[in-house]
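Scroll down for the structure; my scribbles are underneath it.
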Amino acid sequence: MAPFSNQRRNGALPAVVLLGTLLSTAALSACSDPGAVASGGSAGAASAAATTAARNGVVYNTSPDQQRIHAERDAALAAKVPALIGKDGKLTVATTAGSIPLSFHATDDKTPIGSELDIAQLVADKLGLELDIQVTSWENWPLKTQSGDFEAVFSNVGINKDRVKLFDFASYRAAYMGFEAKKSSSYNIQGADDISGLKISVGSGTNQEKILLAWNKELEAKGKEPASLQYYSSDADTILALSSGRTDLNIAPYPSTVYRENTRDDLKIVGKVNAGWPSETLVAATMLKGNGLAPVIAEALNSAIKDGSYAKVLDRWGLSEEALPESKTVTEANFASTQTGAGK
């Protein structure tokens, strides 16, 4: 499938699933939480200044002082780490740092934090390795993982039929997209008919866009007006357009829409769709195909699920509803058997 012709850089809406060819995604720059802490302050002051008590009961800590949840080393799992990966004592993990609360920059504008990195920390702990976080742009992680620069990617990456040709996966979270709108709106987005004639902001080259384009085809086939897709270069521009009424809806990774609904007074979630629509997908740690790391990471994740540290991480970021009961290794060989729904 050819890449979309209207590709743009979009730092606000990191893709969950690539469209078409694996390497044709739009570039995604890092974004940071506003209000960086002034230098010279104490760590305690920095942490307090970057703590937000949300309406969902979550206290979001966006300071560089994360005090991450840790897990105990599992000697048996550590022994299974492929020699070429474990020889330096590090697990080199890539992330795009582009979406609160998944992976983003802290208030110092340089420290990568978020739920994705907390889960990566649990895996590194279980394997007895030091977590080495490398921030990269969305379009670069596939090539750099293939070249060996990154041993794993934890950045809201969804499993799909194109990626399994080059990468292996260890699932760790459900994958959904959320539709958000002004709080005063009455939208209830369940499918194509509900977006007819609306202006919707979306990231170019993303799975969100794929869903909307498919829904627009449904509308056109019924003789109904399709939605008008809007593209913005930054998260700030996207949300400003939504809050000011220049767009009717925004579609983004569900955890980000949950964060905004619970930390702002003007936005709410008005719909939810699986990121793999019309089938289903999962968010997963992503490794080079055949390097032997995926099953080890899946075991580490299952150990973290069993000891409760996984649940603590998701609770910390308000993501408990996306928890999985089990991590599974997904490869090209077993991908088809993991798919449910139409459009496998």
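By order in the structure tokens, chains are A, B, ...; within a chain, residues start at 1; ligands start at 1, following the order shown.
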
Within 12 Å of range 262-265 of chain A, which residues of range 117-227 of chain A show up? Give each one with its shortest atom-to-atom distance in Å (one decimal) and the two atoms involved, counting only C-alpha atoms, rows by chain then rising residue number, as a tab-separated table.
residue	atom	partner	partner_atom	distance
A:Glu180	CA	A:Arg264	CA	11.9
A:Ala181	CA	A:Asp265	CA	11.6
A:Lys182	CA	A:Asp265	CA	9.2
A:Lys183	CA	A:Asp265	CA	7.7
A:Ser184	CA	A:Asp265	CA	10.5

Write the residues you've just listed into a file as a PDB file, in the first residue's frame, and include all heavy atoms for each of them.
ATOM      1  N   GLU A 180     -12.296  12.864  21.266  1.00  0.00           N
ATOM      2  CA  GLU A 180     -12.544  13.892  22.272  1.00  0.00           C
ATOM      3  C   GLU A 180     -13.173  15.116  21.627  1.00  0.00           C
ATOM      4  O   GLU A 180     -12.941  15.408  20.444  1.00  0.00           O
ATOM      5  CB  GLU A 180     -11.265  14.259  23.027  1.00  0.00           C
ATOM      6  CG  GLU A 180     -10.121  14.728  22.162  1.00  0.00           C
ATOM      7  CD  GLU A 180      -8.825  14.887  22.944  1.00  0.00           C
ATOM      8  OE1 GLU A 180      -8.863  15.075  24.177  1.00  0.00           O
ATOM      9  OE2 GLU A 180      -7.753  14.838  22.300  1.00  0.00           O
ATOM     10  N   ALA A 181     -13.970  15.816  22.427  1.00  0.00           N
ATOM     11  CA  ALA A 181     -14.689  16.986  21.940  1.00  0.00           C
ATOM     12  C   ALA A 181     -14.865  17.974  23.084  1.00  0.00           C
ATOM     13  O   ALA A 181     -14.518  17.683  24.234  1.00  0.00           O
ATOM     14  CB  ALA A 181     -16.050  16.569  21.388  1.00  0.00           C
ATOM     15  N   LYS A 182     -15.403  19.132  22.773  1.00  0.00           N
ATOM     16  CA  LYS A 182     -15.692  20.112  23.816  1.00  0.00           C
ATOM     17  C   LYS A 182     -16.732  19.528  24.773  1.00  0.00           C
ATOM     18  O   LYS A 182     -17.624  18.772  24.371  1.00  0.00           O
ATOM     19  CB  LYS A 182     -16.209  21.403  23.195  1.00  0.00           C
ATOM     20  CG  LYS A 182     -15.166  22.155  22.386  1.00  0.00           C
ATOM     21  CD  LYS A 182     -15.746  23.397  21.740  1.00  0.00           C
ATOM     22  CE  LYS A 182     -16.053  24.471  22.764  1.00  0.00           C
ATOM     23  NZ  LYS A 182     -16.452  25.752  22.129  1.00  0.00           N
ATOM     24  N   LYS A 183     -16.619  19.895  26.029  1.00  0.00           N
ATOM     25  CA  LYS A 183     -17.504  19.345  27.055  1.00  0.00           C
ATOM     26  C   LYS A 183     -18.967  19.679  26.771  1.00  0.00           C
ATOM     27  O   LYS A 183     -19.877  18.931  27.163  1.00  0.00           O
ATOM     28  CB  LYS A 183     -17.093  19.857  28.428  1.00  0.00           C
ATOM     29  CG  LYS A 183     -17.844  19.218  29.573  1.00  0.00           C
ATOM     30  CD  LYS A 183     -17.175  19.458  30.906  1.00  0.00           C
ATOM     31  CE  LYS A 183     -15.915  18.628  31.066  1.00  0.00           C
ATOM     32  NZ  LYS A 183     -15.346  18.726  32.436  1.00  0.00           N
ATOM     33  N   SER A 184     -19.209  20.769  26.077  1.00  0.00           N
ATOM     34  CA  SER A 184     -20.583  21.185  25.791  1.00  0.00           C
ATOM     35  C   SER A 184     -21.217  20.401  24.639  1.00  0.00           C
ATOM     36  O   SER A 184     -22.415  20.542  24.376  1.00  0.00           O
ATOM     37  CB  SER A 184     -20.618  22.674  25.458  1.00  0.00           C
ATOM     38  OG  SER A 184     -19.786  22.952  24.339  1.00  0.00           O
TER      39      SER A 184
END

**Report entry** Surrounding residues of range 210-226 of chain A excluding itself and chain neighbours under 4 positions, 10 Å, only C-alpha atoms, as a list in words
**Finding:**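 So the residues in contact are Phe4, Val17, Leu18, Leu19, Gly20, Met177, Gly191, Ala192, Asp193, Asp194, Ile195, Ser196, Gly197, Leu198, Lys199, Ile200, Val202, Gly203, Ser204, Gly205, Thr206, Ile251, Val273, Asn274, Ala275, Gly276, Trp277 and Pro278 of chain A.
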
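Among the candidate residues A:Ala94, A:Leu240, A:Leu301, A:Leu229, the one lying nearest to Tyr172 in chain A is A:Leu301, with distances computed using only C-alpha atoms.
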
**Report entry** Backbone-only DSSP, helix (DSSP H, G or I) members of range 190-337 of chain A, as a PyMOL selection string
**Finding:** chain A and resi 192-195+207-221+235-244+254-263+294-307+309-316+320-322+335-337

Query raised in the report: Got a sec: who's within 8 Å of Val283 in chain A, counting only C-alpha atoms, leaving out chain neighbours fewer than 5 positions off, as a count of residues only?
Result: 10

Query raised in the report: How many Å lie between CA of Ile100 in chain A and CA of Pro253 in chain A, rounded to one decimal?
Result: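 Atom-to-atom, CA of Ile100 in chain A and CA of Pro253 in chain A are spaced 9.7 Å apart.
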